[in-house]
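Okay, work10.cif is below, mmCIF, C-alpha atoms and all ligand atoms:
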data_run
#
loop_
_atom_site.label_atom_id
_atom_site.label_comp_id
_atom_site.auth_asym_id
_atom_site.auth_seq_id
_atom_site.Cartn_x
_atom_site.Cartn_y
_atom_site.Cartn_z
CA MET A 20 0.00 0.00 0.00
CA SER A 21 1.24 3.49 -0.74
CA THR A 22 -0.27 6.19 1.41
CA LEU A 23 0.84 9.75 0.83
CA LYS A 24 0.55 11.84 3.98
CA GLU A 25 0.81 15.27 2.29
CA LEU A 26 -2.26 17.02 0.92
CA VAL A 27 -2.80 16.65 -2.81
CA ASP A 28 -3.50 20.02 -4.42
CA ILE A 29 -5.11 19.27 -7.76
CA GLN A 30 -7.64 21.00 -10.01
CA LEU A 31 -11.05 19.39 -9.35
CA VAL A 32 -14.00 19.91 -11.72
CA PRO A 33 -17.43 19.07 -10.18
CA SER A 34 -18.94 17.71 -13.43
CA ASP A 35 -16.12 15.11 -13.65
CA TRP A 36 -17.47 13.28 -10.60
CA GLY A 37 -20.45 10.89 -10.64
CA TYR A 38 -22.40 9.18 -7.86
CA ILE A 39 -21.53 5.56 -6.98
CA GLU A 40 -22.94 4.78 -3.51
CA GLU A 41 -23.06 5.98 0.10
CA GLY A 42 -23.15 4.88 3.70
CA ILE A 43 -23.97 6.80 6.89
CA GLU A 44 -20.69 8.71 6.96
CA ASN A 45 -19.56 9.08 3.31
CA VAL A 46 -20.74 9.50 -0.27
CA ILE A 47 -18.57 7.85 -2.92
CA VAL A 48 -18.18 9.64 -6.27
CA ALA A 49 -16.08 8.31 -9.16
CA TYR A 50 -13.92 10.26 -11.58
CA HIS A 51 -15.15 10.43 -15.19
CA GLY A 52 -12.73 13.06 -16.52
CA ASN A 53 -9.47 12.76 -18.47
CA ASP A 54 -6.77 13.80 -15.98
CA PRO A 55 -4.36 10.83 -15.78
CA GLU A 56 -3.59 11.71 -12.17
CA LEU A 57 -7.21 11.13 -11.19
CA LEU A 58 -8.17 8.28 -13.52
CA GLY A 59 -8.90 5.16 -11.50
CA TRP A 60 -9.61 7.06 -8.26
CA VAL A 61 -12.81 7.79 -6.30
CA LEU A 62 -13.53 10.46 -3.71
CA ARG A 63 -15.00 9.58 -0.31
CA LEU A 64 -16.88 12.73 0.66
CA THR A 65 -17.75 13.19 4.33
CA LYS A 66 -21.44 13.74 5.12
CA CYS A 67 -23.21 15.84 7.76
CA ASP A 68 -26.84 16.40 8.76
CA VAL A 69 -28.64 18.66 6.28
CA GLY A 70 -28.18 22.27 7.42
CA ALA A 71 -25.26 21.57 9.79
CA ASP A 72 -22.87 23.28 7.37
CA ALA A 73 -25.13 26.27 6.65
CA ASP A 74 -22.64 28.83 7.99
CA VAL A 75 -19.53 27.65 6.20
CA ASP A 76 -17.56 30.89 6.88
CA SER A 77 -18.10 31.09 10.65
CA HIS A 78 -15.34 30.80 13.26
CA ASP A 79 -16.89 27.55 14.50
CA ALA A 80 -16.86 26.14 10.97
CA SER A 81 -13.17 27.04 10.68
CA LEU A 82 -12.33 25.26 13.96
CA PHE A 83 -14.41 22.29 12.84
CA ARG A 84 -12.58 22.27 9.48
CA ASN A 85 -9.15 22.05 11.13
CA LYS A 86 -10.30 19.29 13.46
CA GLU A 87 -11.76 17.28 10.59
CA LEU A 88 -8.53 17.63 8.60
CA GLN A 89 -6.54 16.31 11.56
CA LYS A 90 -9.00 13.42 11.86
CA LYS A 91 -8.46 12.49 8.20
CA GLN A 92 -4.69 12.66 8.50
CA ASP A 93 -5.00 10.43 11.56
CA ALA A 94 -7.17 8.02 9.56
CA LEU A 95 -4.42 7.78 6.91
CA GLU A 96 -1.86 7.01 9.61
CA PHE A 97 -4.26 4.52 11.23
CA ALA A 98 -4.56 2.69 7.89
CA THR A 99 -0.77 2.53 7.50
CA SER A 100 0.27 1.76 11.06
CA VAL A 101 -2.60 -0.31 12.46
CA VAL A 102 -4.82 -1.77 9.72
CA SER A 103 -2.01 -2.63 7.27
CA PRO A 104 0.08 -4.69 9.73
CA ILE A 105 -3.06 -6.62 10.71
CA VAL A 106 -4.52 -7.50 7.30
CA GLY A 107 -1.45 -7.00 5.09
CA ASP A 108 -0.37 -4.04 2.96
CA ASP A 109 -1.82 -5.46 -0.21
CA TYR A 110 -5.37 -5.43 1.15
CA VAL A 111 -5.48 -1.76 2.15
CA LEU A 112 -6.29 0.35 -0.89
CA PRO A 113 -3.98 3.29 -1.65
CA GLN A 114 -5.34 6.58 -0.31
CA ARG A 115 -4.47 10.26 -0.78
CA LEU A 116 -5.93 13.29 0.94
CA ALA A 117 -7.02 15.92 -1.61
CA LYS A 118 -7.72 19.59 -0.91
CA MET A 119 -11.10 20.95 -2.03
CA SER A 120 -13.16 24.11 -1.86
CA PRO A 121 -16.68 24.58 -0.44
CA GLU A 122 -17.80 25.61 -3.97
CA PHE A 123 -16.58 22.30 -5.44
CA LEU A 124 -18.34 20.31 -2.72
CA LEU A 125 -21.57 22.28 -3.08
CA GLN A 126 -21.66 21.76 -6.84
CA VAL A 127 -20.99 18.00 -6.55
CA ARG A 128 -23.73 17.85 -3.90
CA THR A 129 -26.20 19.51 -6.28
CA ASN A 130 -25.12 17.37 -9.26
CA ILE A 131 -25.52 13.99 -7.54
CA GLU A 132 -28.76 14.78 -5.64
CA PRO A 133 -31.07 13.09 -8.24
CA LYS A 134 -29.07 9.84 -8.03
CA ARG A 135 -29.18 9.47 -4.24
CA PRO A 136 -31.60 7.07 -2.51
CA LYS A 137 -34.48 8.86 -0.72
CA ASN A 138 -33.79 7.18 2.62
CA ARG A 139 -30.32 8.81 2.69
CA LEU A 140 -31.39 12.41 2.09
CA ALA A 141 -31.40 13.52 5.77
CA ARG A 142 -27.61 13.76 5.41
CA CYS A 143 -25.61 15.38 2.63
CA ILE A 144 -22.05 16.20 1.53
CA ASP A 145 -20.43 18.41 4.20
CA THR A 146 -19.17 21.59 2.49
CA ARG A 147 -17.05 22.56 5.55
CA GLN A 148 -14.46 19.85 4.78
CA SER A 149 -11.22 21.29 3.39
CA ALA A 150 -10.00 17.86 2.23
CA ASN A 151 -11.44 14.44 1.44
CA MET A 152 -9.94 11.05 0.75
CA LEU A 153 -9.07 9.88 -2.74
CA THR A 154 -9.09 6.08 -2.86
CA ARG A 155 -8.33 3.60 -5.62
CA GLU A 156 -11.47 2.94 -7.66
CA MET A 157 -12.96 -0.50 -7.05
CA VAL A 158 -16.31 0.06 -8.81
CA SER A 159 -15.91 0.90 -12.51
CA ARG A 160 -18.45 2.10 -15.05
CA MET A 161 -16.78 0.21 -17.88
CA PRO A 162 -14.45 -2.75 -18.40
CA ALA A 163 -10.69 -2.20 -18.42
CA GLY A 164 -9.55 -0.80 -21.74
CA ASN A 165 -13.24 -0.50 -22.69
CA THR A 166 -13.08 -4.12 -23.88
CA GLN A 167 -16.01 -5.16 -26.06
CA GLY A 168 -18.26 -7.92 -24.82
CA THR A 169 -17.26 -7.71 -21.16
CA HIS A 170 -18.49 -5.92 -18.03
CA ALA A 171 -16.84 -4.31 -15.05
CA VAL A 172 -18.21 -6.27 -12.07
CA THR A 173 -17.51 -5.61 -8.39
CA VAL A 174 -18.72 -7.66 -5.44
CA GLU A 175 -18.95 -5.96 -2.04
CA LEU A 176 -19.13 -8.10 1.11
CA LYS A 177 -19.97 -6.60 4.50
CA PRO A 178 -19.90 -9.62 6.79
CA LYS A 179 -20.20 -7.63 10.08
CA CYS A 180 -19.19 -10.64 12.19
CA MET A 181 -16.30 -13.06 11.85
CA ALA A 182 -16.25 -15.28 14.93
CA LEU A 183 -18.32 -16.31 17.94
CA PRO A 184 -17.18 -14.59 21.15
CA ARG A 185 -15.14 -16.74 23.50
CA SER A 186 -14.83 -14.43 26.47
CA ALA A 187 -17.13 -14.91 29.46
CA PHE A 188 -20.14 -12.64 29.92
CA ALA A 189 -21.42 -11.31 33.16
CA ALA A 190 -25.09 -11.74 32.32
CA PRO A 191 -26.33 -15.35 32.03
CA GLU A 192 -29.02 -14.30 29.54
CA SER A 193 -26.21 -13.29 27.18
CA SER A 194 -24.96 -16.87 26.91
CA VAL A 195 -26.88 -17.12 23.63
CA LYS A 196 -24.07 -15.01 22.11
CA HIS A 197 -21.80 -18.05 22.38
CA ARG A 198 -24.18 -20.06 20.18
CA VAL A 199 -25.70 -17.59 17.73
CA CYS A 200 -23.56 -14.97 16.03
CA TRP A 201 -24.18 -11.25 16.20
CA TYR A 202 -25.25 -11.04 12.54
CA CYS A 203 -27.84 -13.83 12.81
CA MET A 204 -29.31 -12.35 16.01
CA HIS A 205 -29.41 -8.85 14.50
CA GLN A 206 -31.66 -10.12 11.68
CA TYR A 207 -34.63 -10.25 14.07
CA THR A 208 -34.20 -6.55 14.93
CA LEU A 209 -33.75 -5.54 11.28
CA HIS A 210 -36.64 -7.62 9.90
CA LYS A 211 -39.51 -7.45 12.33
CA ASP A 212 -41.72 -9.47 9.94
CA GLY A 213 -39.53 -12.51 10.68
CA ASN A 214 -38.26 -12.58 7.07
CA VAL A 215 -34.70 -13.11 8.24
CA SER A 216 -31.70 -13.88 6.05
CA LYS A 217 -30.32 -17.42 6.03
CA PHE A 218 -26.84 -15.98 5.50
CA CYS A 219 -24.43 -16.55 8.38
CA PRO A 220 -21.05 -14.80 8.11
CA LEU A 221 -19.34 -17.63 10.01
CA GLU A 222 -20.05 -19.84 6.99
CA LEU A 223 -18.29 -17.30 4.76
CA PHE A 224 -15.28 -17.41 7.11
CA SER A 225 -15.33 -21.21 7.50
CA GLY A 226 -12.50 -21.83 5.02
CA ASP A 227 -14.61 -24.67 3.56
CA ARG A 228 -15.26 -24.17 -0.17
CA GLU A 229 -18.77 -25.69 -0.15
CA ARG A 230 -19.91 -23.78 2.93
CA ILE A 231 -18.54 -20.53 1.45
CA ALA A 232 -20.45 -21.06 -1.83
CA ASN A 233 -23.64 -21.90 0.11
CA SER A 234 -23.29 -18.79 2.21
CA LEU A 235 -22.98 -16.70 -0.96
CA ASN A 236 -26.23 -18.28 -2.20
CA HIS A 237 -27.91 -17.23 1.04
CA PHE A 238 -26.39 -13.77 0.76
CA ALA A 239 -27.79 -13.47 -2.79
CA GLU A 240 -31.29 -14.43 -1.62
CA SER A 241 -31.44 -11.53 0.85
CA PRO A 242 -28.63 -9.14 0.03
CA HIS A 243 -30.00 -6.06 1.88
CA ASN A 244 -27.04 -3.72 2.30
CA ASN A 245 -24.51 -6.41 3.17
CA PHE A 246 -23.97 -7.95 -0.23
CA VAL A 247 -23.78 -5.68 -3.25
CA VAL A 248 -22.99 -6.54 -6.85
CA PHE A 249 -22.12 -3.68 -9.19
CA VAL A 250 -22.33 -4.19 -12.94
CA ASP A 251 -20.72 -1.37 -14.93
CA GLY A 252 -20.87 0.95 -11.92
CA CYS A 253 -24.51 0.32 -10.88
CA SER A 254 -25.64 -1.86 -7.99
CA VAL A 255 -28.07 -4.46 -9.33
CA VAL A 256 -30.89 -6.66 -7.96
CA ASP A 257 -33.57 -8.65 -9.78
CA GLU A 258 -37.36 -8.06 -9.58
CA GLN A 259 -37.52 -9.84 -6.21
CA GLY A 260 -34.70 -7.74 -4.80
CA LYS A 261 -32.27 -10.69 -5.04
CA ILE A 262 -28.96 -11.24 -6.78
CA SER A 263 -29.50 -13.76 -9.58
CA ASP A 264 -28.80 -14.58 -13.21
CA GLN A 265 -31.51 -12.04 -14.12
CA CYS A 266 -29.38 -9.09 -13.03
CA VAL A 267 -25.81 -10.46 -13.09
CA PRO A 268 -24.40 -12.13 -16.24
CA HIS A 269 -23.28 -15.68 -15.32
CA TRP A 270 -24.23 -15.35 -11.65
CA ASN A 271 -23.34 -18.99 -10.85
CA LEU A 272 -19.87 -18.49 -12.29
CA LEU A 273 -19.47 -15.29 -10.29
CA ARG A 274 -20.58 -17.03 -7.06
CA ASP A 275 -18.13 -19.90 -7.64
CA THR A 276 -15.29 -17.53 -8.56
CA VAL A 277 -15.91 -15.41 -5.45
CA ALA A 278 -16.08 -18.57 -3.29
CA ASP A 279 -12.66 -19.63 -4.65
CA ILE A 280 -11.27 -16.17 -3.87
CA VAL A 281 -12.68 -16.13 -0.33
CA GLN A 282 -11.17 -19.53 0.33
CA ARG A 283 -7.81 -18.63 -1.19
CA GLU A 284 -7.17 -15.07 0.04
CA ILE A 285 -5.50 -14.90 3.43
CA LEU A 286 -7.40 -11.66 4.18
CA PHE A 287 -10.41 -13.55 5.51
CA SER A 288 -8.49 -15.70 7.99
CA ARG A 289 -6.51 -12.65 9.13
CA LEU A 290 -9.72 -10.73 9.83
CA GLN A 291 -11.12 -13.70 11.74
CA LEU A 292 -7.91 -14.19 13.69
CA ILE A 293 -7.76 -10.58 14.86
CA GLN A 294 -11.41 -10.78 15.99
CA ARG A 295 -10.48 -13.76 18.16
CA GLU A 296 -7.33 -12.11 19.47
CA LEU A 297 -9.20 -8.92 20.34
CA ASP A 298 -11.96 -10.88 22.02
CA SER A 299 -10.86 -10.31 25.64
CA PHE A 300 -13.35 -7.51 26.15
CA ASN A 301 -16.98 -7.36 25.10
CA ILE A 302 -19.41 -4.49 25.10
CA GLU A 303 -21.05 -5.64 28.35
CA SER A 304 -17.79 -5.55 30.30
CA VAL A 305 -16.49 -2.47 28.52
CA LEU A 306 -19.45 -0.14 29.19
CA PRO A 307 -18.68 0.14 32.96
CA LYS A 308 -14.98 0.60 32.15
CA TYR A 309 -15.86 3.36 29.67
CA THR A 310 -18.14 5.09 32.20
CA HIS A 311 -15.44 4.83 34.88
CA ALA A 312 -12.75 6.22 32.54
CA MET A 313 -15.01 9.15 31.63
CA GLU A 314 -15.80 9.88 35.31
CA THR A 315 -12.17 9.79 36.36
CA GLY A 316 -10.99 11.82 33.34
CA THR A 317 -8.80 9.04 31.85
CA LEU A 318 -11.00 9.47 28.79
CA THR A 319 -12.68 12.70 27.74
CA THR A 320 -15.27 13.64 25.12
CA GLU A 321 -12.30 14.35 22.82
CA GLU A 322 -11.81 11.30 20.59
CA PRO A 323 -8.33 9.70 20.81
CA GLY A 324 -5.73 10.88 18.31
CA ILE A 325 -3.41 8.68 16.29
CA ALA A 326 -0.78 8.51 19.07
CA ALA A 327 -3.32 6.95 21.45
CA TRP A 328 -4.39 4.36 18.84
CA LEU A 329 -0.78 3.41 18.06
CA ASN A 330 -0.07 3.09 21.76
CA ALA A 331 -3.15 0.91 22.37
CA TYR A 332 -2.31 -1.33 19.42
CA ALA A 333 1.33 -1.70 20.58
CA GLU A 334 0.20 -2.59 24.11
CA PHE A 335 -2.26 -5.16 22.79
CA ARG A 336 0.46 -6.77 20.61
CA LYS A 337 2.90 -6.82 23.53
CA ARG A 338 0.37 -8.60 25.77
CA LEU A 339 -0.49 -11.06 23.01
CA ASP A 340 3.13 -11.82 22.11
CA SER A 341 4.07 -12.38 25.77
CA GLY A 342 1.31 -15.00 26.04
CA ASN A 343 -0.08 -13.20 29.08
CA ASN A 344 -3.81 -13.87 29.22
CA ASP A 345 -4.36 -12.00 32.46
CA ASN A 346 -6.69 -9.18 31.51
CA SER A 347 -7.28 -8.01 35.09
CA LYS A 348 -4.34 -5.60 34.89
CA VAL A 349 -5.46 -4.04 31.61
CA SER A 350 -6.49 -0.41 32.11
CA ASP A 351 -10.06 0.75 31.44
CA CYS A 352 -8.85 2.93 28.61
CA GLN A 353 -6.94 0.06 26.96
CA ALA A 354 -9.97 -2.27 27.20
CA VAL A 355 -12.20 0.39 25.60
CA MET A 356 -9.76 0.94 22.74
CA GLU A 357 -9.26 -2.77 22.07
CA LEU A 358 -13.02 -3.24 21.81
CA MET A 359 -13.30 -0.33 19.38
CA LEU A 360 -10.42 -1.69 17.31
CA ALA A 361 -12.27 -5.02 17.07
CA THR A 362 -15.47 -3.15 16.10
CA THR A 363 -13.63 -1.15 13.42
CA LEU A 364 -12.19 -4.30 11.83
CA ARG A 365 -15.51 -6.12 12.08
CA ASP A 366 -17.23 -3.39 10.08
CA VAL A 367 -14.89 -3.24 7.07
CA SER A 368 -16.21 -3.93 3.57
CA VAL A 369 -14.34 -6.29 1.26
CA LEU A 370 -14.40 -5.32 -2.43
CA ILE A 371 -13.55 -7.78 -5.22
CA LYS A 372 -13.32 -6.23 -8.67
CA PHE A 373 -13.35 -8.02 -12.02
CA ASP A 374 -12.26 -5.79 -14.89
CA ASN A 375 -13.44 -8.03 -17.71
CA TRP A 376 -16.44 -10.08 -16.65
CA PRO A 377 -18.02 -12.07 -19.54
CA ALA A 378 -21.16 -10.57 -21.09
CA ARG A 379 -24.43 -12.48 -21.01
CA ASP A 380 -24.08 -13.78 -24.60
CA ALA A 381 -20.56 -15.15 -24.03
CA THR A 382 -20.85 -18.91 -24.46
CA ASP A 383 -17.31 -20.04 -23.72
CA THR A 384 -16.48 -18.23 -20.51
CA SER A 385 -13.33 -20.30 -20.06
CA LEU A 386 -11.64 -18.21 -22.74
CA LEU A 387 -12.26 -14.96 -20.91
CA GLU A 388 -10.13 -13.48 -18.21
CA HIS A 389 -12.88 -13.50 -15.61
CA HIS A 390 -10.52 -14.93 -13.00
CA LYS A 391 -8.40 -11.73 -12.95
CA TYR A 392 -9.44 -9.59 -10.03
CA ALA A 393 -8.37 -6.96 -7.53
CA ILE A 394 -9.29 -7.17 -3.83
CA GLY A 395 -9.15 -4.67 -1.00
CA ILE A 396 -10.93 -3.42 2.11
CA VAL A 397 -12.59 -0.05 2.73
CA ASP A 398 -14.33 1.65 5.67
CA HIS A 399 -11.57 1.06 8.20
CA ASP A 400 -11.50 4.48 9.90
CA PRO A 401 -11.34 4.15 13.71
CA LYS A 402 -14.76 4.11 15.37
CA LYS A 403 -15.75 6.81 17.82
CA LEU A 404 -15.46 5.88 21.50
CA SER A 405 -18.49 8.08 22.23
CA ASN A 406 -20.60 5.44 20.43
CA ILE A 407 -20.01 2.89 23.21
CA PRO A 408 -23.25 3.60 25.13
CA LYS A 409 -25.17 3.39 21.83
CA TYR A 410 -23.47 0.08 20.91
CA HIS A 411 -24.33 -1.27 24.34
CA ARG A 412 -28.02 -0.34 23.97
CA LEU A 413 -28.07 -1.90 20.50
CA ASP A 414 -26.38 -5.06 21.78
CA GLN A 415 -28.91 -5.45 24.61
CA SER A 416 -31.83 -4.83 22.30
CA ILE A 417 -30.54 -7.31 19.67
CA VAL A 418 -30.22 -10.10 22.25
CA ALA A 419 -33.63 -9.29 23.80
CA THR A 420 -35.38 -9.23 20.41
CA TYR A 421 -33.71 -12.47 19.36
CA LEU A 422 -34.76 -14.19 22.59
CA GLN A 423 -38.36 -12.95 22.16
CA HIS A 424 -38.49 -14.75 18.80
CA ASN A 425 -36.47 -17.77 19.95
CA PRO A 426 -37.02 -18.20 23.69
CA ASP A 427 -36.12 -21.92 23.79
CA GLU A 428 -32.59 -23.04 23.20
CA SER A 429 -33.96 -25.86 21.02
CA ASP A 430 -35.38 -23.24 18.59
CA GLN A 431 -32.11 -21.35 18.32
CA ARG A 432 -30.22 -22.22 15.15
CA PRO A 433 -26.61 -22.41 16.33
CA CYS A 434 -23.91 -20.81 14.18
CA ARG A 435 -20.85 -22.93 13.44
CA GLU A 436 -17.32 -21.69 12.92
ZN ZN B 1 -24.58 -16.71 12.36
#

Structure encoded using C-alpha cells:
Amino acid sequence: MSTLKELVDIQLVPSDWGYIEEGIENVIVAYHGNDPELLGWVLRLTKCDVGADADVDSHDASLFRNKELQKKQDALEFATSVVSPIVGDDYVLPQRLAKMSPEFLLQVRTNIEPKRPKNRLARCIDTRQSANMLTREMVSRMPAGNTQGTHAVTVELKPKCMALPRSAFAAPESSVKHRVCWYCMHQYTLHKDGNVSKFCPLELFSGDRERIANSLNHFAESPHNNFVVFVDGCSVVDEQGKISDQCVPHWNLLRDTVADIVQREILFSRLQLIQRELDSFNIESVLPKYTHAMETGTLTTEEPGIAAWLNAYAEFRKRLDSGNNDNSKVSDCQAVMELMLATTLRDVSVLIKFDNWPARDATDTSLLEHHKYAIGIVDHDPKKLSNIPKYHRLDQSIVATYLQHNPDESDQRPCRE
C-alpha cells in the first residue's frame, strides 16, 4: 500500500465526478474526466446532517474544518500503522488526501442529488471539509480498456461478524451469544416481519469451499445492504430484490469464482484471527470501564488521536506476544480501545473487482479473463469511543429481540465456525 501523507493540491471539476454509492458517513463519487492523475480514483466525501454546514464561513466552521482535517490525517496514519500490519499491505487500498473548496463540494452535492436514494437524504455532503480522501477505484463504469463484450463487475461483502465470542459474559441471559452470532441475532431486529436472512457470516469465514459457496447463495437471496454486486458501476438486484442470473451475467460463475477467492485469500483468515485475538473484552464488560474512565478523566469527550491508537495497538500486541492472558491488569482505557479496534475491523467492507467479466451472450467463458481480479478493504476508519453507550443499547436490544423470537434453546439455530 502506498499512502501519501501530504495534501494533494489538484484541479477538481465538479462535473467530472459521478455518484456511486453511500453509507452513513460518506458519499462515494467516481472520476469520469481525463486527468491521468485522477483516472482510477474515487472520492469519499464526508457527510453531515442537512443544514449543519449552513454557515460555512463562521469561526466555528473554521475550527471544525481544522479538526476534521486532523481526523483524516490520523485516519491515513491509522490505515498505514494499524490496519495494514493486521490485514497485510496489499489489502489496504492506496489513499491520498485531496484539498477541495466549499464551492466544489456544493456543486458536486447539487449534481448527484437526483441519483441518491431517498432514505439517505437527511444527510448530505459536508461543504465545511477542506480535504477528502481519494481512494483507488474498485467500482468501474466500464471494463478495463473499454473491452467489447465484457463488463466491469464488483462484489462488495460486509460480513459484520467473523467469529463467535469466546470471552465470558457477566449476564447469564447473554450466553446465547456463544451459540448464535451477532449477525444472525441482528436479523430479528432488522426484519420485524420474521423474514430473516439465512446468511451466516461464520459460513463465509469457515475456510470450507462448499460452505462458502452456500453462504454466498444465502447472501444473494437476501442481500439487503450487506452484499452488493455492481455491474458497470450500478448496484443491481432482480425483480424480487435478489442477486440472480436475471441481473448479473453468469451469476453462478461469479458465485463460484468469489467462493474460490474467499477460500484462497488470506485476508479472511486474518480478519477472523484478529477478531479472536481482540476478544478479551466485550461491550457488556467495557461499558462500565468506559463510564469509569469518563468519570475519572482518563477518557474525555475528545476522541483519541493517532498517538493513542498506536499506543493501544502496541500494548495489545505486547500482551499477546508475551502470552499473558491475564486481563485483570489491563487499564479501562486500553480495554475500551481494544473493543473499538475489534469493532472497526468487524465493520470493514471487502471489495472484489473483475475488470473483464463475460457478457451475457458469451458462451465459452473459459476463454475470458474472468478470473483476474483486484481485492481490498474499505471503511476502516477508527470508530468513535463516544458510540459505546449506543453500541451497548443496540447489543442489549438485539439479544432481547432475538430471545423474544427464539425463547427456547432448542429453537435457536446455532452458528458454526
Ligand atoms: Zn450466524

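As for atom CA of Ile371 of chain A and atom CA of Leu176 of chain A, they are spaced 8.4 Å apart.
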
Residues near segment 46-61 of chain A, anyone? I mean within 9 Å using all atoms listed in the file, not counting same-chain ones fewer than 4 positions away, as a compact mmCIF listing (two decimals) with C-alpha atoms, keeping the file's coordinate frame.
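Saved file result-v9.txt follows:
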# COMPACT_ATOMS: atom_id res chain seq x y z
CA ILE A 29 -5.11 19.27 -7.76
CA VAL A 32 -14.00 19.91 -11.72
CA SER A 34 -18.94 17.71 -13.43
CA ASP A 35 -16.12 15.11 -13.65
CA TRP A 36 -17.47 13.28 -10.60
CA GLY A 37 -20.45 10.89 -10.64
CA TYR A 38 -22.40 9.18 -7.86
CA ILE A 39 -21.53 5.56 -6.98
CA GLU A 40 -22.94 4.78 -3.51
CA GLU A 41 -23.06 5.98 0.10
CA GLY A 42 -23.15 4.88 3.70
CA THR A 65 -17.75 13.19 4.33
CA LYS A 66 -21.44 13.74 5.12
CA VAL A 127 -20.99 18.00 -6.55
CA ILE A 131 -25.52 13.99 -7.54
CA CYS A 143 -25.61 15.38 2.63
CA ILE A 144 -22.05 16.20 1.53
CA MET A 152 -9.94 11.05 0.75
CA LEU A 153 -9.07 9.88 -2.74
CA THR A 154 -9.09 6.08 -2.86
CA ARG A 155 -8.33 3.60 -5.62
CA GLU A 156 -11.47 2.94 -7.66
CA MET A 157 -12.96 -0.50 -7.05
CA VAL A 158 -16.31 0.06 -8.81
CA SER A 159 -15.91 0.90 -12.51
CA ARG A 160 -18.45 2.10 -15.05

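Among the candidate residues A:Pro178, A:Pro426, A:Pro104, A:Gly164, the one lying nearest to Val195 of chain A is A:Pro426, with distances computed using only C-alpha atoms.
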
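Here atom CA of Val69 of chain A stands at a distance of 5.1 Å from atom CA of Arg142 of chain A.
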
Next item on the list: Just the residues within 8 Å of segment 283-295 of chain A, please, counting all atoms listed in the file, with nothing from its chain fewer than 6 positions along; format it as a ChimeraX atom specification.
Entry: /A:105-107,110,181-182,184-185,224,226,361,364-365

Closest contacts (chain A/ligand ZN 1 (chain B), max 12 Å, all atoms listed in the file) as CSV:
residue,atom,partner,partner_atom,distance
A:Pro178,CA,B:ZN1,ZN,10.2
A:Lys179,CA,B:ZN1,ZN,10.3
A:Cys180,CA,B:ZN1,ZN,8.1
A:Met181,CA,B:ZN1,ZN,9.1
A:Ala182,CA,B:ZN1,ZN,8.8
A:Leu183,CA,B:ZN1,ZN,8.4
A:Pro184,CA,B:ZN1,ZN,11.7
A:Val195,CA,B:ZN1,ZN,11.5
A:Lys196,CA,B:ZN1,ZN,9.9
A:His197,CA,B:ZN1,ZN,10.5
A:Arg198,CA,B:ZN1,ZN,8.5
A:Val199,CA,B:ZN1,ZN,5.6
A:Cys200,CA,B:ZN1,ZN,4.2
A:Trp201,CA,B:ZN1,ZN,6.7
A:Tyr202,CA,B:ZN1,ZN,5.7
A:Cys203,CA,B:ZN1,ZN,4.4
A:Met204,CA,B:ZN1,ZN,7.4
A:His205,CA,B:ZN1,ZN,9.5
A:Gln206,CA,B:ZN1,ZN,9.7
A:Val215,CA,B:ZN1,ZN,11.5
A:Ser216,CA,B:ZN1,ZN,9.9
A:Lys217,CA,B:ZN1,ZN,8.6
A:Phe218,CA,B:ZN1,ZN,7.3
A:Cys219,CA,B:ZN1,ZN,4.0
A:Pro220,CA,B:ZN1,ZN,5.8
A:Leu221,CA,B:ZN1,ZN,5.8
A:Glu222,CA,B:ZN1,ZN,7.7
A:Leu223,CA,B:ZN1,ZN,9.9
A:Phe224,CA,B:ZN1,ZN,10.7
A:Ser225,CA,B:ZN1,ZN,11.4
A:Ser234,CA,B:ZN1,ZN,10.4
A:His237,CA,B:ZN1,ZN,11.8
A:Gln431,CA,B:ZN1,ZN,10.7
A:Arg432,CA,B:ZN1,ZN,8.4
A:Pro433,CA,B:ZN1,ZN,7.2
A:Cys434,CA,B:ZN1,ZN,4.5
A:Arg435,CA,B:ZN1,ZN,7.3
A:Glu436,CA,B:ZN1,ZN,8.8
